[in-house]
$ cat data33.pdb   # PDB, C-alpha atoms
ATOM      1  CA  MET H   1      25.624  78.456  25.965  1.00  0.00           C
ATOM      2  CA  ASP H   2      25.878  74.675  26.142  1.00  0.00           C
ATOM      3  CA  ALA H   3      22.518  72.867  26.369  1.00  0.00           C
ATOM      4  CA  GLY H   4      23.980  70.350  28.813  1.00  0.00           C
ATOM      5  CA  ARG H   5      24.818  73.112  31.259  1.00  0.00           C
ATOM      6  CA  ILE H   6      21.257  74.414  31.048  1.00  0.00           C
ATOM      7  CA  VAL H   7      19.800  70.979  31.783  1.00  0.00           C
ATOM      8  CA  ASP H   8      22.220  70.389  34.655  1.00  0.00           C
ATOM      9  CA  THR H   9      21.327  73.747  36.192  1.00  0.00           C
ATOM     10  CA  ALA H  10      17.615  73.049  35.784  1.00  0.00           C
ATOM     11  CA  LEU H  11      18.000  69.742  37.637  1.00  0.00           C
ATOM     12  CA  LYS H  12      19.935  71.468  40.417  1.00  0.00           C
ATOM     13  CA  LEU H  13      17.154  74.022  40.818  1.00  0.00           C
ATOM     14  CA  ILE H  14      14.467  71.327  40.812  1.00  0.00           C
ATOM     15  CA  ASP H  15      16.380  69.515  43.556  1.00  0.00           C
ATOM     16  CA  GLU H  16      16.334  72.760  45.547  1.00  0.00           C
ATOM     17  CA  VAL H  17      12.880  74.237  44.918  1.00  0.00           C
ATOM     18  CA  GLY H  18      10.789  71.633  43.094  1.00  0.00           C
ATOM     19  CA  ILE H  19       9.305  71.359  39.621  1.00  0.00           C
ATOM     20  CA  GLN H  20       6.360  73.689  40.103  1.00  0.00           C
ATOM     21  CA  ALA H  21       8.517  76.485  41.500  1.00  0.00           C
ATOM     22  CA  LEU H  22      11.022  76.313  38.647  1.00  0.00           C
ATOM     23  CA  THR H  23      10.526  78.982  36.007  1.00  0.00           C
ATOM     24  CA  LEU H  24      12.523  79.774  32.911  1.00  0.00           C
ATOM     25  CA  ARG H  25      13.232  83.205  34.408  1.00  0.00           C
ATOM     26  CA  MET H  26      14.673  81.566  37.523  1.00  0.00           C
ATOM     27  CA  LEU H  27      16.765  79.266  35.345  1.00  0.00           C
ATOM     28  CA  ALA H  28      18.018  82.157  33.207  1.00  0.00           C
ATOM     29  CA  ASP H  29      18.980  84.115  36.311  1.00  0.00           C
ATOM     30  CA  ALA H  30      20.899  81.133  37.696  1.00  0.00           C
ATOM     31  CA  LEU H  31      22.766  80.924  34.401  1.00  0.00           C
ATOM     32  CA  GLU H  32      23.311  84.694  34.386  1.00  0.00           C
ATOM     33  CA  SER H  33      21.585  84.817  31.044  1.00  0.00           C
ATOM     34  CA  GLY H  34      18.227  85.715  29.530  1.00  0.00           C
ATOM     35  CA  THR H  35      15.196  83.607  28.671  1.00  0.00           C
ATOM     36  CA  ALA H  36      15.797  84.302  24.979  1.00  0.00           C
ATOM     37  CA  THR H  37      18.979  82.250  25.246  1.00  0.00           C
ATOM     38  CA  LEU H  38      17.005  79.327  26.676  1.00  0.00           C
ATOM     39  CA  TYR H  39      14.503  79.431  23.830  1.00  0.00           C
ATOM     40  CA  ARG H  40      17.337  78.932  21.389  1.00  0.00           C
ATOM     41  CA  HIS H  41      17.740  75.450  22.854  1.00  0.00           C
ATOM     42  CA  PHE H  42      14.214  74.509  23.994  1.00  0.00           C
ATOM     43  CA  THR H  43      10.693  75.277  22.847  1.00  0.00           C
ATOM     44  CA  GLY H  44       9.543  75.638  26.439  1.00  0.00           C
ATOM     45  CA  LYS H  45       9.545  74.220  29.942  1.00  0.00           C
ATOM     46  CA  ASP H  46       7.977  70.880  28.936  1.00  0.00           C
ATOM     47  CA  GLU H  47      10.800  70.069  26.528  1.00  0.00           C
ATOM     48  CA  LEU H  48      13.345  71.141  29.117  1.00  0.00           C
ATOM     49  CA  LEU H  49      11.775  68.867  31.755  1.00  0.00           C
ATOM     50  CA  ALA H  50      11.861  65.901  29.369  1.00  0.00           C
ATOM     51  CA  LEU H  51      15.591  66.474  28.967  1.00  0.00           C
ATOM     52  CA  VAL H  52      16.004  66.763  32.732  1.00  0.00           C
ATOM     53  CA  ALA H  53      14.297  63.369  33.116  1.00  0.00           C
ATOM     54  CA  ASP H  54      16.732  61.852  30.633  1.00  0.00           C
ATOM     55  CA  ARG H  55      19.605  63.570  32.437  1.00  0.00           C
ATOM     56  CA  ILE H  56      18.565  61.768  35.638  1.00  0.00           C
ATOM     57  CA  LEU H  57      18.523  58.435  33.823  1.00  0.00           C
ATOM     58  CA  GLY H  58      22.052  59.191  32.649  1.00  0.00           C
ATOM     59  CA  GLU H  59      23.180  59.003  36.279  1.00  0.00           C
ATOM     60  CA  VAL H  60      22.189  55.331  36.489  1.00  0.00           C
ATOM     61  CA  ARG H  61      25.549  53.750  35.832  1.00  0.00           C
ATOM     62  CA  VAL H  62      26.224  50.037  36.094  1.00  0.00           C
ATOM     63  CA  PRO H  63      29.415  49.184  34.174  1.00  0.00           C
ATOM     64  CA  PRO H  64      28.910  46.160  31.883  1.00  0.00           C
ATOM     65  CA  GLU H  65      31.812  44.362  33.511  1.00  0.00           C
ATOM     66  CA  GLU H  66      29.939  44.394  36.831  1.00  0.00           C
ATOM     67  CA  LEU H  67      27.192  42.301  35.265  1.00  0.00           C
ATOM     68  CA  ASP H  68      29.476  39.766  33.596  1.00  0.00           C
ATOM     69  CA  GLY H  69      28.896  36.288  34.944  1.00  0.00           C
ATOM     70  CA  LEU H  70      25.790  37.233  36.920  1.00  0.00           C
ATOM     71  CA  SER H  71      22.467  35.464  36.655  1.00  0.00           C
ATOM     72  CA  TRP H  72      19.650  37.524  35.158  1.00  0.00           C
ATOM     73  CA  ARG H  73      18.197  38.083  38.635  1.00  0.00           C
ATOM     74  CA  GLU H  74      21.499  39.286  40.045  1.00  0.00           C
ATOM     75  CA  ALA H  75      21.959  41.608  37.074  1.00  0.00           C
ATOM     76  CA  VAL H  76      18.441  43.029  37.405  1.00  0.00           C
ATOM     77  CA  ASN H  77      18.989  43.545  41.128  1.00  0.00           C
ATOM     78  CA  ALA H  78      22.161  45.526  40.406  1.00  0.00           C
ATOM     79  CA  VAL H  79      20.427  47.691  37.806  1.00  0.00           C
ATOM     80  CA  ALA H  80      17.348  48.224  39.985  1.00  0.00           C
ATOM     81  CA  GLU H  81      19.503  49.195  42.956  1.00  0.00           C
ATOM     82  CA  ALA H  82      21.410  51.746  40.876  1.00  0.00           C
ATOM     83  CA  PHE H  83      18.163  53.116  39.425  1.00  0.00           C
ATOM     84  CA  TYR H  84      16.509  53.385  42.833  1.00  0.00           C
ATOM     85  CA  GLY H  85      19.557  55.045  44.359  1.00  0.00           C
ATOM     86  CA  THR H  86      19.597  57.618  41.567  1.00  0.00           C
ATOM     87  CA  LEU H  87      15.915  58.424  42.028  1.00  0.00           C
ATOM     88  CA  CYS H  88      16.399  58.848  45.775  1.00  0.00           C
ATOM     89  CA  ARG H  89      18.958  61.571  45.077  1.00  0.00           C
ATOM     90  CA  HIS H  90      16.334  63.583  43.191  1.00  0.00           C
ATOM     91  CA  PRO H  91      13.071  63.292  45.157  1.00  0.00           C
ATOM     92  CA  ASN H  92      11.679  66.568  43.799  1.00  0.00           C
ATOM     93  CA  ALA H  93      12.091  65.351  40.222  1.00  0.00           C
ATOM     94  CA  LEU H  94      10.463  61.926  40.587  1.00  0.00           C
ATOM     95  CA  SER H  95       7.211  62.913  38.925  1.00  0.00           C
ATOM     96  CA  LEU H  96       9.121  63.610  35.704  1.00  0.00           C
ATOM     97  CA  LEU H  97       9.778  59.893  35.315  1.00  0.00           C
ATOM     98  CA  ALA H  98       6.085  59.104  35.758  1.00  0.00           C
ATOM     99  CA  ALA H  99       4.627  61.897  33.638  1.00  0.00           C
ATOM    100  CA  GLN H 100       5.617  60.358  30.319  1.00  0.00           C
ATOM    101  CA  VAL H 101       7.542  57.441  28.839  1.00  0.00           C
ATOM    102  CA  PRO H 102      11.197  58.560  28.719  1.00  0.00           C
ATOM    103  CA  VAL H 103      12.547  58.319  25.178  1.00  0.00           C
ATOM    104  CA  GLY H 104      15.746  60.357  25.362  1.00  0.00           C
ATOM    105  CA  PRO H 105      19.143  58.838  24.525  1.00  0.00           C
ATOM    106  CA  ASN H 106      19.836  57.682  28.088  1.00  0.00           C
ATOM    107  CA  ALA H 107      16.382  56.131  28.374  1.00  0.00           C
ATOM    108  CA  LEU H 108      16.759  54.343  25.049  1.00  0.00           C
ATOM    109  CA  ARG H 109      20.181  53.055  26.064  1.00  0.00           C
ATOM    110  CA  ALA H 110      18.875  51.682  29.375  1.00  0.00           C
ATOM    111  CA  ARG H 111      15.838  50.113  27.714  1.00  0.00           C
ATOM    112  CA  GLU H 112      17.956  48.439  25.052  1.00  0.00           C
ATOM    113  CA  ARG H 113      20.408  47.133  27.607  1.00  0.00           C
ATOM    114  CA  LEU H 114      17.857  45.588  29.959  1.00  0.00           C
ATOM    115  CA  ILE H 115      15.661  44.057  27.273  1.00  0.00           C
ATOM    116  CA  THR H 116      18.792  42.583  25.687  1.00  0.00           C
ATOM    117  CA  LEU H 117      19.673  41.104  29.079  1.00  0.00           C
ATOM    118  CA  PHE H 118      16.294  39.407  29.320  1.00  0.00           C
ATOM    119  CA  LEU H 119      16.438  38.106  25.759  1.00  0.00           C
ATOM    120  CA  GLY H 120      19.903  36.706  26.411  1.00  0.00           C
ATOM    121  CA  HIS H 121      18.531  34.656  29.305  1.00  0.00           C
ATOM    122  CA  GLY H 122      15.741  32.988  27.402  1.00  0.00           C
ATOM    123  CA  PHE H 123      12.895  35.449  27.839  1.00  0.00           C
ATOM    124  CA  PRO H 124      10.663  35.650  24.757  1.00  0.00           C
ATOM    125  CA  VAL H 125      10.325  39.172  23.333  1.00  0.00           C
ATOM    126  CA  GLY H 126       6.878  39.808  24.777  1.00  0.00           C
ATOM    127  CA  LEU H 127       7.863  38.726  28.284  1.00  0.00           C
ATOM    128  CA  ALA H 128      11.142  40.670  28.082  1.00  0.00           C
ATOM    129  CA  ALA H 129       9.233  43.844  27.206  1.00  0.00           C
ATOM    130  CA  ARG H 130       6.731  43.337  30.021  1.00  0.00           C
ATOM    131  CA  ALA H 131       9.514  42.547  32.477  1.00  0.00           C
ATOM    132  CA  PHE H 132      11.309  45.779  31.608  1.00  0.00           C
ATOM    133  CA  THR H 133       8.127  47.808  32.011  1.00  0.00           C
ATOM    134  CA  ALA H 134       7.084  46.133  35.261  1.00  0.00           C
ATOM    135  CA  ILE H 135      10.466  46.665  36.905  1.00  0.00           C
ATOM    136  CA  GLY H 136      10.593  50.295  35.802  1.00  0.00           C
ATOM    137  CA  HIS H 137       7.085  50.942  37.106  1.00  0.00           C
ATOM    138  CA  TYR H 138       7.905  49.258  40.404  1.00  0.00           C
ATOM    139  CA  VAL H 139      11.099  51.202  41.070  1.00  0.00           C
ATOM    140  CA  ILE H 140       9.660  54.570  40.016  1.00  0.00           C
ATOM    141  CA  GLY H 141       6.384  54.026  41.857  1.00  0.00           C
ATOM    142  CA  PHE H 142       8.110  52.884  45.035  1.00  0.00           C
ATOM    143  CA  ALA H 143      10.469  55.859  44.949  1.00  0.00           C
ATOM    144  CA  ILE H 144       7.600  58.321  44.449  1.00  0.00           C
ATOM    145  CA  GLN H 145       5.542  56.847  47.280  1.00  0.00           C
ATOM    146  CA  GLN H 146       8.407  56.614  49.747  1.00  0.00           C
ATOM    147  CA  HIS H 147      10.621  59.560  48.824  1.00  0.00           C
ATOM    148  CA  GLY H 148       8.650  62.022  46.713  1.00  0.00           C
ATOM    149  CA  PRO H 149       7.297  65.354  47.974  1.00  0.00           C
ATOM    150  CA  GLY H 150       4.821  64.729  50.781  1.00  0.00           C
ATOM    151  CA  ALA H 151       6.021  61.169  51.398  1.00  0.00           C
ATOM    152  CA  PRO H 152       5.349  60.001  54.972  1.00  0.00           C
ATOM    153  CA  GLY H 153       8.134  60.325  57.515  1.00  0.00           C
ATOM    154  CA  PRO H 154       8.872  58.324  60.677  1.00  0.00           C
ATOM    155  CA  GLU H 155       6.442  60.428  62.723  1.00  0.00           C
ATOM    156  CA  ASP H 156       3.668  59.672  60.218  1.00  0.00           C
ATOM    157  CA  HIS H 157       4.316  55.951  60.505  1.00  0.00           C
ATOM    158  CA  ALA H 158       4.163  56.198  64.300  1.00  0.00           C
ATOM    159  CA  GLN H 159       0.829  58.012  64.130  1.00  0.00           C
ATOM    160  CA  LEU H 160      -0.522  55.439  61.688  1.00  0.00           C
ATOM    161  CA  ARG H 161       0.517  52.615  63.989  1.00  0.00           C
ATOM    162  CA  ASP H 162      -1.262  54.263  66.910  1.00  0.00           C
ATOM    163  CA  TYR H 163      -4.349  54.693  64.730  1.00  0.00           C
ATOM    164  CA  TYR H 164      -4.369  51.029  63.752  1.00  0.00           C
ATOM    165  CA  LEU H 165      -4.041  50.014  67.392  1.00  0.00           C
ATOM    166  CA  SER H 166      -6.976  52.257  68.306  1.00  0.00           C
ATOM    167  CA  LEU H 167      -9.373  50.489  65.935  1.00  0.00           C
ATOM    168  CA  ASP H 168     -12.224  48.292  67.053  1.00  0.00           C
ATOM    169  CA  PRO H 169     -10.615  44.870  67.614  1.00  0.00           C
ATOM    170  CA  ALA H 170     -13.846  43.102  66.709  1.00  0.00           C
ATOM    171  CA  ALA H 171     -13.986  44.769  63.270  1.00  0.00           C
ATOM    172  CA  HIS H 172     -10.267  44.974  62.445  1.00  0.00           C
ATOM    173  CA  PRO H 173      -8.410  42.201  64.321  1.00  0.00           C
ATOM    174  CA  ALA H 174      -5.989  41.432  61.459  1.00  0.00           C
ATOM    175  CA  THR H 175      -5.007  45.088  60.962  1.00  0.00           C
ATOM    176  CA  MET H 176      -4.384  45.508  64.680  1.00  0.00           C
ATOM    177  CA  ALA H 177      -2.294  42.322  64.809  1.00  0.00           C
ATOM    178  CA  ALA H 178      -0.174  43.538  61.886  1.00  0.00           C
ATOM    179  CA  ALA H 179       0.091  47.172  63.057  1.00  0.00           C
ATOM    180  CA  ASP H 180       3.832  47.000  63.766  1.00  0.00           C
ATOM    181  CA  GLU H 181       4.684  45.212  60.533  1.00  0.00           C
ATOM    182  CA  LEU H 182       2.554  47.621  58.494  1.00  0.00           C
ATOM    183  CA  THR H 183       4.326  50.689  59.840  1.00  0.00           C
ATOM    184  CA  SER H 184       7.833  49.784  61.004  1.00  0.00           C
ATOM    185  CA  VAL H 185       9.492  47.755  58.217  1.00  0.00           C
ATOM    186  CA  PRO H 186      12.563  49.716  56.999  1.00  0.00           C
ATOM    187  CA  VAL H 187      12.051  51.208  53.548  1.00  0.00           C
ATOM    188  CA  HIS H 188      15.030  49.386  52.012  1.00  0.00           C
ATOM    189  CA  GLU H 189      13.709  46.036  53.260  1.00  0.00           C
ATOM    190  CA  GLU H 190      10.289  46.783  51.797  1.00  0.00           C
ATOM    191  CA  PHE H 191      11.897  47.704  48.480  1.00  0.00           C
ATOM    192  CA  TRP H 192      13.856  44.454  48.208  1.00  0.00           C
ATOM    193  CA  PHE H 193      10.908  42.362  49.380  1.00  0.00           C
ATOM    194  CA  GLY H 194       8.643  43.768  46.658  1.00  0.00           C
ATOM    195  CA  LEU H 195      11.308  43.492  43.978  1.00  0.00           C
ATOM    196  CA  GLY H 196      11.981  39.895  44.983  1.00  0.00           C
ATOM    197  CA  LEU H 197       8.307  39.008  44.592  1.00  0.00           C
ATOM    198  CA  LEU H 198       8.294  40.606  41.144  1.00  0.00           C
ATOM    199  CA  LEU H 199      11.372  38.670  40.070  1.00  0.00           C
ATOM    200  CA  ASP H 200       9.903  35.438  41.447  1.00  0.00           C
ATOM    201  CA  GLY H 201       6.904  35.965  39.193  1.00  0.00           C
ATOM    202  CA  LEU H 202       9.103  36.704  36.186  1.00  0.00           C
ATOM    203  CA  GLU H 203      11.124  33.562  36.867  1.00  0.00           C
ATOM    204  CA  GLN H 204       7.960  31.477  36.830  1.00  0.00           C
ATOM    205  CA  ALA H 205       6.739  33.141  33.626  1.00  0.00           C
ATOM    206  CA  ARG H 206      10.143  32.542  32.031  1.00  0.00           C
ATOM    207  CA  ALA H 207      10.093  28.868  33.033  1.00  0.00           C
ATOM    208  CA  VAL H 208       6.627  28.439  31.534  1.00  0.00           C
ATOM    209  CA  SER H 209       7.686  30.106  28.284  1.00  0.00           C
ATOM    210  CA  LEU H 210      10.711  27.811  28.019  1.00  0.00           C
ATOM    211  CA  ARG H 211       8.568  24.714  28.526  1.00  0.00           C
ATOM    212  CA  GLU H 212       5.946  25.680  25.954  1.00  0.00           C
ATOM    213  CA  PRO H 213       8.083  24.926  22.860  1.00  0.00           C
ATOM    214  CA  GLU H 214       9.016  21.546  24.339  1.00  0.00           C
ATOM    215  CA  ALA H 215       5.375  20.740  24.990  1.00  0.00           C
ATOM    216  CA  ALA H 216       4.429  21.779  21.457  1.00  0.00           C
ATOM    217  CA  ALA H 217       7.220  19.600  20.038  1.00  0.00           C
ATOM    218  CA  GLY H 218       5.974  16.654  22.067  1.00  0.00           C
ATOM    219  CA  HIS H 219       2.615  16.880  20.340  1.00  0.00           C
TER     220      HIS H 219
END

$ encode --input "data33.pdb" --output "structure tokens"
Amino acid sequence: MDAGRIVDTALKLIDEVGIQALTLRMLADALESGTATLYRHFTGKDELLALVADRILGEVRVPPEELDGLSWREAVNAVAEAFYGTLCRHPNALSLLAAQVPVGPNALRARERLITLFLGHGFPVGLAARAFTAIGHYVIGFAIQQHGPGAPGPEDHAQLRDYYLSLDPAAHPATMAAADELTSVPVHEEFWFGLGLLLDGLEQARAVSLREPEAAAGH
């Protein structure tokens, strides 16, 4: 049996029932096989889940030609949007991306591509590495908080707004004044707002790093 088919089926089951509910017996039954067949490909569930995480990253596809001619910010926005969209399609599997640093072939390819992008736009190596990590953490963390199992729904936001408005105005005037904005901003707007702030910070750090050699030369 092809290992790719096993991983694809495992991801499908996780999408349906969640990570905790998935068992190797369930997976074998879905494949109309036995668990012994699975152990020929994987040492256990943990190794299988690592491959599922890399399989998800393989869905993040931004053709190189789409990034040609873009500024680094535009390119990062395109990659982040594709990454976020992929994660939103697999809410039950989001914790896999946070449980460990992905190092499968798809993860390595994405890491190499984005760090190369930063280096090509004047980021020093250290800043390029931190930029890659920060963006990955932001997208994964945002997706987990907003779309993972147990994430709040519209009714939860409405209840939270009512709670804020019920607070003592003398003790919490700012929270009450911002109650609507804290609970009613569309998720996609919140995502782009946060990403924009992150990129603003990276732009400033990049500008500083580019000025430092000039300042050193001046001395």

$ atom_distance --input "data33.pdb" --atom1 "CA of Leu57 (chain H)" --atom2 "CA of Arg25 (chain H)"
25.3 Å

$ resolve_selection --input "data33.pdb" --expression "the PyMOL selection byres ((chain H and resi 89-106) around 12)" --output "PyMOL selection string"
chain H and resi 10-22+46-61+82-88+107-113+133+136-151

$ closest_residue --input "data33.pdb" --among "H:Glu66, H:Gly4, H:Leu199, H:Ser33" --to "Ala134 (chain H)" --atoms "all atoms listed in the file"
H:Leu199

$ atom_distance --input "data33.pdb" --atom1 "CA of His121 (chain H)" --atom2 "CA of Gly201 (chain H)"
15.3 Å

$ residues_near_point --input "data33.pdb" --point "(12.9, 45.8, 46.2)" --cutoff "10 Å" --atoms "all atoms listed in the file" --output "JSON, numbers by chain"
{"H": [77, 80, 81, 84, 135, 138, 139, 142, 187, 188, 189, 190, 191, 192, 193, 194, 195, 196, 197, 198, 199]}

$ write_last_selection --input "data33.pdb" --atoms "C-alpha atoms" --output "short mmCIF file (atom, residue, chain, number, x, y, z; two decimals), in the coordinates of the input"
data_model
loop_
_atom_site.label_atom_id
_atom_site.label_comp_id
_atom_site.auth_asym_id
_atom_site.auth_seq_id
_atom_site.Cartn_x
_atom_site.Cartn_y
_atom_site.Cartn_z
CA ASN H 77 18.99 43.54 41.13
CA ALA H 80 17.35 48.22 39.98
CA GLU H 81 19.50 49.20 42.96
CA TYR H 84 16.51 53.38 42.83
CA ILE H 135 10.47 46.66 36.90
CA TYR H 138 7.90 49.26 40.40
CA VAL H 139 11.10 51.20 41.07
CA PHE H 142 8.11 52.88 45.04
CA VAL H 187 12.05 51.21 53.55
CA HIS H 188 15.03 49.39 52.01
CA GLU H 189 13.71 46.04 53.26
CA GLU H 190 10.29 46.78 51.80
CA PHE H 191 11.90 47.70 48.48
CA TRP H 192 13.86 44.45 48.21
CA PHE H 193 10.91 42.36 49.38
CA GLY H 194 8.64 43.77 46.66
CA LEU H 195 11.31 43.49 43.98
CA GLY H 196 11.98 39.90 44.98
CA LEU H 197 8.31 39.01 44.59
CA LEU H 198 8.29 40.61 41.14
CA LEU H 199 11.37 38.67 40.07
#

$ closest_residue --input "data33.pdb" --among "H:Ala205, H:Ala174, H:Ala75, H:Leu182" --to "Arg130 (chain H)" --atoms "all atoms listed in the file"
H:Ala205

$ atom_distance --input "data33.pdb" --atom1 "CA of Leu117 (chain H)" --atom2 "CA of Arg73 (chain H)"
10.1 Å

$ closest_residue --input "data33.pdb" --among "H:Trp72, H:Phe118, H:Tyr39, H:Phe123" --to "Arg211 (chain H)" --atoms "all atoms listed in the file"
H:Phe123

$ closest_residue --input "data33.pdb" --among "H:Glu65, H:Pro124, H:Val185, H:Ala3" --to "Thr37 (chain H)" --atoms "all atoms listed in the file"
H:Ala3

$ closest_residue --input "data33.pdb" --among "H:Leu210, H:Pro64, H:Gly44, H:Ala179" --to "Leu167 (chain H)" --atoms "all atoms listed in the file"
H:Ala179

$ residues_near_point --input "data33.pdb" --point "(14.9, 41.3, 29.4)" --cutoff "7 Å" --atoms "all atoms listed in the file" --output "list of chain:residue names"
H:Leu114, H:Ile115, H:Thr116, H:Leu117, H:Phe118, H:Leu119, H:Phe123, H:Ala128, H:Ala129, H:Ala131, H:Phe132

$ closest_residue --input "data33.pdb" --among "H:Glu32, H:Asp156, H:Glu203, H:Asp168" --to "Gly122 (chain H)" --atoms "only C-alpha atoms"
H:Glu203

$ build_atoms --input "data33.pdb" --residues "region 27-44 of chain H" --atoms "N, CA, C and O atoms" --output "short mmCIF file (atom, residue, chain, number, x, y, z; two decimals), in the frame of the given file"
data_model
loop_
_atom_site.label_atom_id
_atom_site.label_comp_id
_atom_site.auth_asym_id
_atom_site.auth_seq_id
_atom_site.Cartn_x
_atom_site.Cartn_y
_atom_site.Cartn_z
N LEU H 27 15.66 80.00 35.97
CA LEU H 27 16.76 79.27 35.34
C LEU H 27 17.72 80.22 34.64
O LEU H 27 18.95 80.09 34.77
N ALA H 28 17.17 81.18 33.91
CA ALA H 28 18.02 82.16 33.21
C ALA H 28 18.85 82.96 34.19
O ALA H 28 20.04 83.21 33.96
N ASP H 29 18.24 83.35 35.30
CA ASP H 29 18.98 84.12 36.31
C ASP H 29 20.13 83.29 36.90
O ASP H 29 21.23 83.80 37.12
N ALA H 30 19.86 82.00 37.14
CA ALA H 30 20.90 81.13 37.70
C ALA H 30 22.06 80.97 36.73
O ALA H 30 23.21 80.79 37.14
N LEU H 31 21.74 81.06 35.44
CA LEU H 31 22.77 80.92 34.40
C LEU H 31 23.37 82.27 34.02
O LEU H 31 24.24 82.33 33.14
N GLU H 32 22.87 83.33 34.69
CA GLU H 32 23.31 84.69 34.39
C GLU H 32 23.12 84.98 32.90
O GLU H 32 24.01 85.46 32.20
N SER H 33 21.93 84.65 32.45
CA SER H 33 21.58 84.82 31.04
C SER H 33 20.16 85.35 30.94
O SER H 33 19.57 85.79 31.93
N GLY H 34 19.59 85.29 29.74
CA GLY H 34 18.23 85.72 29.53
C GLY H 34 17.39 84.57 29.02
O GLY H 34 17.91 83.57 28.51
N THR H 35 16.06 84.68 29.13
CA THR H 35 15.20 83.61 28.67
C THR H 35 15.31 83.40 27.16
O THR H 35 15.09 82.29 26.68
N ALA H 36 15.65 84.45 26.44
CA ALA H 36 15.80 84.30 24.98
C ALA H 36 16.86 83.28 24.65
O ALA H 36 16.74 82.52 23.68
N THR H 37 17.92 83.23 25.46
CA THR H 37 18.98 82.25 25.25
C THR H 37 18.44 80.83 25.43
O THR H 37 18.79 79.91 24.69
N LEU H 38 17.57 80.65 26.42
CA LEU H 38 17.00 79.33 26.68
C LEU H 38 16.15 78.87 25.50
O LEU H 38 16.18 77.70 25.12
N TYR H 39 15.39 79.79 24.93
CA TYR H 39 14.50 79.43 23.83
C TYR H 39 15.26 79.08 22.55
O TYR H 39 14.68 78.54 21.62
N ARG H 40 16.54 79.38 22.53
CA ARG H 40 17.34 78.93 21.39
C ARG H 40 17.60 77.43 21.45
O ARG H 40 17.94 76.81 20.45
N HIS H 41 17.47 76.88 22.65
CA HIS H 41 17.74 75.45 22.85
C HIS H 41 16.47 74.63 23.06
O HIS H 41 16.44 73.44 22.74
N PHE H 42 15.42 75.23 23.64
CA PHE H 42 14.21 74.51 23.99
C PHE H 42 12.98 75.31 23.59
O PHE H 42 12.99 76.53 23.64
N THR H 43 11.93 74.59 23.23
CA THR H 43 10.69 75.28 22.85
C THR H 43 9.92 75.78 24.06
O THR H 43 9.08 76.65 23.95
N GLY H 44 10.23 75.22 25.23
CA GLY H 44 9.54 75.64 26.44
C GLY H 44 9.91 74.75 27.61
O GLY H 44 10.79 73.88 27.51
#
